[in-house]
Each structure stands twice: as structure tokens, then as C-alpha cells.
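**Q** For reference, this is query_20.txt, and it has compact mmCIF, C-alpha atoms.
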# COMPACT_ATOMS: atom_id res chain seq x y z
CA MET A 1 2.26 -1.35 1.93
CA PRO A 2 0.52 -4.52 1.33
CA ALA A 3 -1.63 -4.54 -1.78
CA THR A 4 -5.25 -5.66 -1.76
CA GLY A 5 -6.25 -6.13 -5.38
CA THR A 6 -9.06 -8.41 -6.55
CA ASP A 7 -10.25 -9.29 -10.03
CA VAL A 8 -13.33 -7.16 -10.75
CA ARG A 9 -12.96 -6.65 -14.49
CA GLN A 10 -16.19 -8.48 -15.30
CA HIS A 11 -18.23 -6.94 -12.49
CA THR A 12 -17.39 -3.23 -12.32
CA PRO A 13 -20.35 -1.04 -13.33
CA HIS A 14 -19.70 2.37 -14.86
CA MET A 15 -21.00 4.92 -12.41
CA ALA A 16 -23.04 7.90 -13.48
CA PRO A 17 -21.31 11.26 -12.96
CA PRO A 18 -21.54 12.40 -9.32
CA ASP A 19 -24.05 15.09 -8.44
CA GLN A 20 -21.85 18.19 -8.72
CA ALA A 21 -24.48 20.33 -6.98
CA GLN A 22 -23.18 18.89 -3.69
CA LEU A 23 -19.74 20.39 -4.33
CA PRO A 24 -18.78 24.07 -4.05
CA ALA A 25 -19.62 26.14 -7.10
CA GLY A 26 -16.99 26.20 -9.80
CA LEU A 27 -15.55 22.75 -9.16
CA THR A 28 -15.82 20.00 -11.76
CA THR A 29 -15.41 16.25 -11.60
CA ARG A 30 -14.38 13.44 -13.90
CA PRO A 31 -12.96 9.91 -13.61
CA LEU A 32 -9.18 9.72 -13.47
CA THR A 33 -6.95 8.28 -16.18
CA ARG A 34 -3.40 6.94 -15.92
CA SER A 35 -2.12 10.25 -17.25
CA ASP A 36 -3.38 11.85 -14.01
CA ALA A 37 -0.85 9.98 -11.85
CA HIS A 38 1.42 13.01 -11.48
CA ALA A 39 -1.48 15.31 -10.55
CA VAL A 40 -2.61 12.85 -7.86
CA PHE A 41 0.98 12.63 -6.60
CA VAL A 42 1.25 16.43 -6.32
CA LEU A 43 -2.07 16.51 -4.45
CA MET A 44 -1.06 13.80 -2.00
CA VAL A 45 2.34 15.42 -1.39
CA ALA A 46 0.61 18.66 -0.38
CA GLN A 47 -1.71 16.79 1.99
CA GLU A 48 1.08 14.75 3.62
CA GLN A 49 3.33 17.77 4.08
CA GLU A 50 0.46 19.54 5.84
CA ASP A 51 -0.60 16.57 7.98
CA ILE A 52 2.62 14.75 8.93
CA GLY A 53 5.36 17.19 7.93
CA GLN A 54 6.96 14.78 5.49
CA VAL A 55 6.23 12.99 2.24
CA ALA A 56 5.60 9.24 2.31
CA ILE A 57 3.96 8.77 -1.09
CA GLU A 58 5.91 8.37 -4.34
CA GLU A 59 4.55 8.74 -7.83
CA ALA A 60 5.79 5.20 -8.48
CA ASP A 61 3.36 3.94 -5.81
CA ILE A 62 0.43 5.34 -7.75
CA VAL A 63 1.69 4.11 -11.13
CA SER A 64 2.28 0.65 -9.66
CA ASP A 65 -1.23 0.42 -8.19
CA TRP A 66 -2.82 1.61 -11.41
CA ALA A 67 -0.87 -0.99 -13.44
CA ARG A 68 -3.02 -3.79 -11.98
CA PRO A 69 -5.20 -5.23 -14.77
CA SER A 70 -8.10 -5.76 -12.35
CA HIS A 71 -8.30 -2.08 -11.38
CA ASP A 72 -10.88 -0.27 -13.51
CA LEU A 73 -9.61 3.24 -12.81
CA GLY A 74 -12.23 4.92 -14.97
CA ALA A 75 -15.14 3.36 -13.07
CA ARG A 76 -13.58 3.42 -9.60
CA SER A 77 -12.12 6.93 -9.29
CA VAL A 78 -13.13 10.54 -9.30
CA GLY A 79 -11.07 13.71 -9.49
CA VAL A 80 -12.32 17.11 -8.32
CA TRP A 81 -10.88 20.01 -10.30
CA ASP A 82 -10.68 23.74 -9.73
CA GLY A 83 -9.90 24.88 -13.24
CA GLU A 84 -6.78 22.97 -14.25
CA THR A 85 -5.83 22.05 -10.67
CA LEU A 86 -6.73 18.72 -9.11
CA VAL A 87 -7.91 19.67 -5.62
CA ALA A 88 -9.29 16.32 -4.44
CA TYR A 89 -9.65 12.73 -5.50
CA ALA A 90 -10.95 9.35 -4.36
CA GLU A 91 -10.63 5.81 -5.64
CA LEU A 92 -11.74 2.36 -4.55
CA MET A 93 -9.50 -0.63 -5.22
CA GLY A 94 -10.72 -4.16 -4.62
CA ALA A 95 -13.72 -4.60 -2.39
CA ASP A 96 -12.98 -2.04 0.29
CA ARG A 97 -9.60 -0.28 -0.06
CA ALA A 98 -10.14 3.44 -0.61
CA ASP A 99 -7.70 6.32 -0.94
CA THR A 100 -8.57 10.01 -0.83
CA ALA A 101 -6.90 13.40 -0.62
CA VAL A 102 -8.03 17.02 -0.42
CA LEU A 103 -5.74 19.96 -1.11
CA PRO A 104 -5.20 21.75 2.23
CA SER A 105 -6.20 25.11 0.70
CA HIS A 106 -9.60 23.62 -0.19
CA ARG A 107 -10.44 22.05 3.17
CA GLY A 108 -13.48 23.11 5.13
CA ARG A 109 -15.68 23.33 2.03
CA GLY A 110 -17.42 19.95 2.29
CA ILE A 111 -15.28 18.24 -0.37
CA GLY A 112 -14.06 15.49 1.95
CA THR A 113 -17.60 14.75 3.06
CA TRP A 114 -18.70 14.56 -0.57
CA LEU A 115 -15.86 12.15 -1.39
CA ALA A 116 -16.79 9.93 1.57
CA GLY A 117 -20.36 9.76 0.31
CA TRP A 118 -19.21 9.05 -3.23
CA LEU A 119 -17.07 6.14 -2.01
CA GLN A 120 -19.93 4.66 0.01
CA ASP A 121 -22.30 4.87 -2.95
CA LEU A 122 -19.71 3.20 -5.19
CA GLY A 123 -19.05 0.48 -2.62
CA ARG A 124 -22.75 -0.30 -2.30
CA SER A 125 -23.13 -0.50 -6.09
CA LEU A 126 -20.30 -3.05 -6.18
CA GLY A 127 -21.76 -5.15 -3.37
CA SER A 128 -19.08 -4.23 -0.83
CA SER A 129 -20.03 -4.55 2.83
CA ILE A 130 -17.44 -2.06 4.09
CA VAL A 131 -15.18 0.72 2.78
CA GLY A 132 -12.08 1.93 4.59
CA MET A 133 -9.04 4.11 4.06
CA PRO A 134 -5.73 4.98 5.76
CA VAL A 135 -5.30 8.41 7.36
CA PRO A 136 -2.61 9.82 9.68
CA GLN A 137 -3.75 9.50 13.26
CA GLY A 138 -5.16 12.81 14.54
CA SER A 139 -5.10 14.46 11.11
CA PRO A 140 -8.01 16.52 9.72
CA GLY A 141 -8.98 13.51 7.60
CA ASP A 142 -8.98 11.27 10.67
CA ARG A 143 -11.20 13.70 12.57
CA LEU A 144 -13.59 14.12 9.64
CA LEU A 145 -14.04 10.40 9.14
CA GLU A 146 -14.67 9.93 12.85
CA GLU A 147 -17.41 12.59 12.65
CA LEU A 148 -18.88 10.74 9.65
CA GLY A 149 -19.11 7.48 11.60
CA PHE A 150 -15.98 5.72 10.30
CA ARG A 151 -14.48 3.43 12.97
CA VAL A 152 -10.85 2.42 13.39
CA ARG A 153 -10.21 -1.04 11.95
CA TRP A 154 -6.49 -1.19 12.65
CA THR A 155 -3.46 0.95 13.44
CA SER A 156 -0.25 1.05 11.35
CA TRP A 157 3.24 2.20 12.24
CA VAL A 158 6.07 3.30 9.97
CA LEU A 159 9.32 2.02 11.49
CA THR A 160 12.83 3.24 10.74
CA LEU A 161 16.20 1.62 11.27
CA PRO A 162 18.29 4.61 12.37
CA GLU A 163 21.23 5.51 10.15
CA GLY A 164 24.32 3.57 11.20
CA THR A 165 22.29 0.86 12.96
CA THR A 166 22.42 -2.72 11.73
CA ILE A 167 20.20 -5.69 12.43
CA ALA A 168 22.07 -8.64 13.90
CA GLU A 169 22.55 -11.38 11.32
CA ARG A 170 20.86 -14.73 11.78
CA ASP A 171 22.25 -17.96 10.39
CA LEU A 172 19.91 -19.71 8.00
CA PRO A 173 19.11 -23.40 8.38
CA GLU A 174 21.57 -25.75 6.64
CA GLY A 175 21.27 -25.52 2.85
CA TYR A 176 19.03 -22.42 2.81
CA VAL A 177 19.94 -19.30 0.82
CA VAL A 178 18.61 -15.76 0.28
CA ARG A 179 18.97 -14.24 -3.17
CA THR A 180 17.25 -12.34 -5.99
CA ALA A 181 14.10 -14.10 -7.21
CA ALA A 182 14.33 -15.56 -10.69
CA PRO A 183 11.44 -14.61 -13.00
CA ASP A 184 10.04 -18.14 -12.83
CA GLU A 185 9.98 -17.93 -9.01
CA ARG A 186 7.65 -14.92 -8.90
CA ARG A 187 4.48 -17.01 -8.79
CA ALA A 188 5.81 -19.03 -5.85
CA ALA A 189 6.86 -15.78 -4.15
CA HIS A 190 3.38 -14.40 -4.67
CA ASP A 191 1.85 -17.52 -3.14
CA VAL A 192 4.03 -17.25 -0.02
CA LEU A 193 3.08 -13.58 0.38
CA GLU A 194 -0.64 -14.12 -0.13
CA ASP A 195 -0.84 -17.21 2.07
CA ALA A 196 0.84 -15.29 4.90
CA PHE A 197 -1.06 -12.02 4.50
CA LEU A 198 -4.45 -13.74 4.26
CA GLU A 199 -3.91 -15.33 7.67
CA TRP A 200 -4.93 -11.96 9.15
CA SER A 201 -6.09 -9.73 6.30
CA GLU A 202 -9.81 -9.75 5.47
CA ARG A 203 -9.75 -9.38 1.70
CA ASP A 204 -9.90 -11.41 -1.47
CA ARG A 205 -6.78 -13.16 -2.70
CA GLU A 206 -4.69 -10.98 -4.98
CA ALA A 207 -4.46 -12.31 -8.54
CA PHE A 208 -0.93 -13.19 -9.60
CA GLU A 209 -1.44 -11.05 -12.71
CA ASP A 210 -2.04 -8.01 -10.47
CA PHE A 211 1.03 -8.80 -8.39
CA GLU A 212 3.31 -9.13 -11.39
CA ALA A 213 1.89 -6.09 -13.20
CA SER A 214 2.31 -3.86 -10.13
CA LEU A 215 5.82 -5.25 -9.60
CA VAL A 216 7.33 -4.85 -13.05
CA GLY A 217 5.08 -1.88 -13.86
CA ARG A 218 6.55 0.16 -11.02
CA PRO A 219 8.90 2.84 -12.36
CA GLY A 220 12.48 1.98 -11.41
CA PHE A 221 11.80 -1.69 -10.66
CA GLU A 222 14.87 -3.91 -10.87
CA PRO A 223 14.92 -7.71 -10.43
CA TRP A 224 17.00 -7.47 -7.24
CA ASN A 225 14.06 -5.75 -5.49
CA LEU A 226 12.33 -9.11 -5.05
CA ARG A 227 14.27 -11.27 -2.55
CA VAL A 228 13.51 -14.91 -1.79
CA ALA A 229 14.63 -17.40 0.81
CA LEU A 230 14.97 -20.92 -0.60
CA ASP A 231 15.10 -24.15 1.35
CA ALA A 232 17.59 -26.95 0.67
CA ASP A 233 15.31 -28.27 -2.10
CA GLY A 234 15.07 -24.89 -3.84
CA ALA A 235 11.49 -24.13 -2.76
CA VAL A 236 10.55 -20.52 -1.96
CA VAL A 237 9.88 -20.32 1.78
CA GLY A 238 10.30 -16.59 2.41
CA VAL A 239 9.92 -13.35 0.45
CA SER A 240 10.88 -9.70 0.82
CA LEU A 241 10.08 -6.90 -1.59
CA VAL A 242 12.54 -4.06 -0.98
CA LEU A 243 12.29 -0.74 -2.80
CA VAL A 244 14.57 2.29 -2.89
CA SER A 245 13.01 5.75 -2.70
CA GLU A 246 13.09 7.98 -5.75
CA ASP A 247 15.70 10.20 -4.10
CA GLY A 248 17.83 7.12 -3.42
CA THR A 249 18.14 7.66 0.34
CA THR A 250 15.69 5.14 1.81
CA GLY A 251 15.33 1.39 1.44
CA TYR A 252 11.76 0.33 2.16
CA VAL A 253 10.62 -3.24 2.76
CA ASP A 254 7.19 -3.17 1.15
CA ARG A 255 6.27 -6.79 1.88
CA LEU A 256 7.84 -9.50 4.03
CA ALA A 257 6.52 -13.01 4.64
CA VAL A 258 7.69 -16.48 5.61
CA ARG A 259 5.79 -19.69 4.95
CA ARG A 260 3.94 -20.81 8.08
CA ASP A 261 5.83 -24.10 8.49
CA GLN A 262 9.19 -22.30 8.21
CA ARG A 263 8.74 -19.65 10.87
CA ASN A 264 10.81 -19.14 14.02
CA ARG A 265 13.95 -20.29 12.22
CA GLY A 266 15.52 -16.86 11.64
CA ILE A 267 14.38 -16.59 8.02
CA ALA A 268 12.47 -13.31 8.41
CA GLN A 269 15.41 -11.68 10.17
CA ALA A 270 17.81 -12.97 7.52
CA LEU A 271 15.57 -11.51 4.82
CA LEU A 272 15.52 -8.15 6.63
CA VAL A 273 19.31 -8.11 6.93
CA ASP A 274 19.67 -8.98 3.26
CA SER A 275 17.05 -6.47 2.09
CA PHE A 276 18.53 -3.53 3.96
CA ALA A 277 22.05 -4.52 2.88
CA ARG A 278 21.04 -4.63 -0.78
CA ALA A 279 19.32 -1.24 -0.42
CA ARG A 280 22.51 0.23 1.08
CA GLU A 281 24.46 -1.19 -1.85
CA HIS A 282 22.17 0.88 -4.07
CA GLY A 283 22.76 4.10 -2.14
CA ALA A 284 20.17 4.02 0.65
CA THR A 285 21.25 5.36 4.05
CA THR A 286 17.97 4.79 5.91
CA SER A 287 15.80 1.66 6.09
CA GLU A 288 12.05 1.54 6.71
CA LEU A 289 9.04 -0.73 6.77
CA SER A 290 5.48 -0.58 8.06
CA THR A 291 3.39 -3.00 10.06
CA ASP A 292 -0.05 -2.89 11.58
CA SER A 293 -1.90 -4.11 14.63
CA ARG A 294 -3.33 -7.14 12.80
CA THR A 295 0.09 -8.76 12.41
CA GLY A 296 1.34 -8.57 16.00
CA ALA A 297 4.84 -7.90 14.60
CA LEU A 298 5.53 -4.45 16.07
CA GLY A 299 7.47 -5.82 19.02
CA LEU A 300 9.60 -8.01 16.75
CA TYR A 301 10.75 -5.05 14.67
CA GLU A 302 11.39 -2.92 17.74
CA ARG A 303 13.55 -5.69 19.22
CA VAL A 304 15.85 -5.67 16.16
CA GLY A 305 16.42 -1.91 16.58
CA MET A 306 13.69 -0.31 14.49
CA VAL A 307 11.94 2.79 15.84
CA ALA A 308 8.25 3.57 15.32
CA GLY A 309 7.49 6.98 13.87
CA THR A 310 4.36 8.08 12.00
CA ILE A 311 1.12 6.38 13.07
CA TRP A 312 -1.75 5.78 10.67
CA VAL A 313 -5.22 4.39 11.27
CA ASN A 314 -7.48 2.63 8.83
CA ARG A 315 -10.99 4.03 9.31
CA ALA A 316 -13.94 2.22 7.78
CA VAL A 317 -17.70 2.38 7.62
CA ASP A 318 -20.14 -0.52 7.24
CA LEU A 319 -22.36 -0.23 4.19
CA SER A 320 -25.25 -2.44 5.28
Could you render the structure from this file as C-alpha cells?
**A**
Amino acid sequence: MPATGTDVRQHTPHMAPPDQAQLPAGLTTRPLTRSDAHAVFVLMVAQEQEDIGQVAIEEADIVSDWARPSHDLGARSVGVWDGETLVAYAELMGADRADTAVLPSHRGRGIGTWLAGWLQDLGRSLGSSIVGMPVPQGSPGDRLLEELGFRVRWTSWVLTLPEGTTIAERDLPEGYVVRTAAPDERRAAHDVLEDAFLEWSERDREAFEDFEASLVGRPGFEPWNLRVALDADGAVVGVSLVLVSEDGTTGYVDRLAVRRDQRNRGIAQALLVDSFARAREHGATTSELSTDSRTGALGLYERVGMVAGTIWVNRAVDLS
């Protein structure tokens, strides 16, 4: 789940309330607040259960995203309410990263179309050239966005290491180690991640303050979650962020990167082995990660025994 924050605190306008006449009668709207995290989680759980038959989102994911100091939630989100029930929402983070959900019982009423229009209007007001969002491939949301002219930017796969399977260990170069990142190594870890991700990701560089706030602001975060590979001089040359699901059964590598000049030396594989081992030490029985078509890494993960499952697409529309 690579993050795509950017510092917009000085540039985010406060949008006027959306035109509620475009929504079905009886529904109301308002910007979201951090206290709405659980309501958004419940909404997204219902949508994922309907669309993919399982739940991928965790409330901690939402809380972590909303902890970023650059994210003006009040100006960049909208919730649609049916009485006391949140039935839909949308938000825009950074220049172009959107997330939306509509309660399955309220589909077919034009709410998703309204949200798509709201996001495009917000993006234009912020000077964005494009707005996109992830949706399960073939889902109602995918089909709706296609009808609305959203094109596929990239495809993502969630990969699982089957229970009982292990990734073959790789020896590190002489003098290299993998261990828990010390607090004063977090900035260097952030730099390795951003340098690697920005080789293929078209977005602004994430501010370190956003990275750290989303890291330590995530419910359940423990220092061991951030793993680093150090060279013989003690410099951070590789990073893995491994999380354990709220039910304790799944270890998830949220981010993985190796410095460009240190690649093809077994460091990424060593980080994977370490990350999944640490997750198992904390009770996880299954290991997962996700990758997308921009990285070219799908084959690498499949070769170490991981199996692709759910497929998502990022659909986007140009705003020019």
C-alpha cells in the first residue's frame, strides 16, 4: 500500500457544500472528521465483502492515512448520510489519489456518479491534472468508472505466501545486517523508500513528517514493524515495513525498497525473509504483500513462492 501524500496545507481551499439536489432525496452530506474513521471502515468492509468476498481494509489503515499532517480531511472529503448511517464517502489525498465507497444497499441510485463528479470538481479546484482510485477488477465500481470515462492506469495484485511455505534465505553481503530501525534511522529509511518508489510512481515526494505521522500514528504500531538493511558502514540500504493484521493472522509487507546501487545482491529477498519471520513470531500464519504493473516485480514474488489473488485496477480520468 504505498502512500502518496504531499504537503498541501497552505494550498487547500475549503470547498462549498456539494449540491445535494443531485443526490437522492433524504440523503445529507458533510465533510468527514477523524471521529468518522470507524464509520468509513464499516462502510468499506460492507463494500469489500460484496465485491471480493473478503475484507482487505483495516480501521488502522484509515487512521494512519488521516494522521498525515498534510491531509486536510475537512476540505478534501465528503460523507453521504442516510439518517445516522454513512452510506457513501469520497476523499482526495495528495494531487490525485482518491478513495470512495458506496454501501451495496444504496447502489444504483446515482451516488457513485455524484461522488465521481465531486472528486473531479475538487481536483480541478486544487490544480490537479488527473484523479484516480483503486477498485477491484470487474466490480460494480470498476464498471461504473469505465462508463464514466475513467481509464486503467495500472493493475495491482495481492500476493500471498501460502501457510507453511517459506522463502529461501539469501546470504547478505559481508558486513550487512537486517534489523529493527532505530528512531534516528527513520528519515534515512524514508529516503530509501521514496527514492525507489519515485523511480516509477508519478506523484510528489512524500514529506518525512507525513511518513512518520502515518507510521507511529497507526494503531498497534511497534518499532519492530520497520525493518532496515544496513551496509558494512551502517548506512540504510534497504527497508521493509511489515504490519500484522488486527486479528493477528496475517503479516503484510506494506512497503519494500532497496537503494538502486545495492540491488541484485539478495537484499530484498533477505528483507522479505526477515519480515515474514518477524510477523510469524508475533502470531501471523499467513504472509502477504501487493505489487503493481508499474514495478515489474510480479514475477520476482511469484518465483519465491507467492501466489497472486485479488486483482485491483487504478482507474483515472484526466481533468484538462
**Q** Counting all atoms listed in the file, what is within 10 Å of A:Val192, bar same-chain residues fewer than 3 positions away, as a PyMOL selection string?
**A** chain A and resi 186-189+195-197+228+236-239+256-260
**Q** Give the answer as one residue: which of A:Ser290, A:Thr113, A:Thr33, A:Gln47 has the shortest atom-to-atom distance to A:His71, using only C-alpha atoms?
**A**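 Closest residue, counting only C-alpha atoms: A:Thr33.
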**Q** For the point (24.8, -17.0, -1.0) in the file's frame, write as JSON, numbers by chain all residues with an atom no more than 12 Å away, counting all atoms listed in the file.
**A** {"A": [171, 172, 175, 176, 177, 178, 179, 180, 228, 229, 230, 270, 274]}
**Q** Just to confirm, what's the straight-line distance from atom CA of A:Leu319 to atom CA of A:Tyr89 in Å (one decimal)?
**A** 20.6 Å
**Q** Write out as a Markdown table a residue-level contact list of stretch 40-59 of chain A versus stretch 129-136 of chain A with cut-off 9 Å: for each qualifying residue the closest pair of atoms and the distance in Å to one decimal, counting all atoms listed in the file, rows sorted by chain and residue number upward.
**A**
| residue | atom | partner | partner_atom | distance |
| --- | --- | --- | --- | --- |
| A:Glu48 | CA | A:Pro136 | CA | 8.6 |
| A:Asp51 | CA | A:Pro136 | CA | 7.2 |
| A:Ile52 | CA | A:Pro136 | CA | 7.2 |
**Q** Between atom CA of A:Ala88 and atom CA of A:Trp118, what is the distance, to one decimal in Å?
**A**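 Between atom CA of A:Ala88 and atom CA of A:Trp118 the gap works out to 12.4 Å.
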**Q** Hey, which of A:Arg294, A:Ala213, A:Gly94, A:Gln22 ends up closest to A:Glu199? Count all atoms listed in the file.
**A** A:Arg294
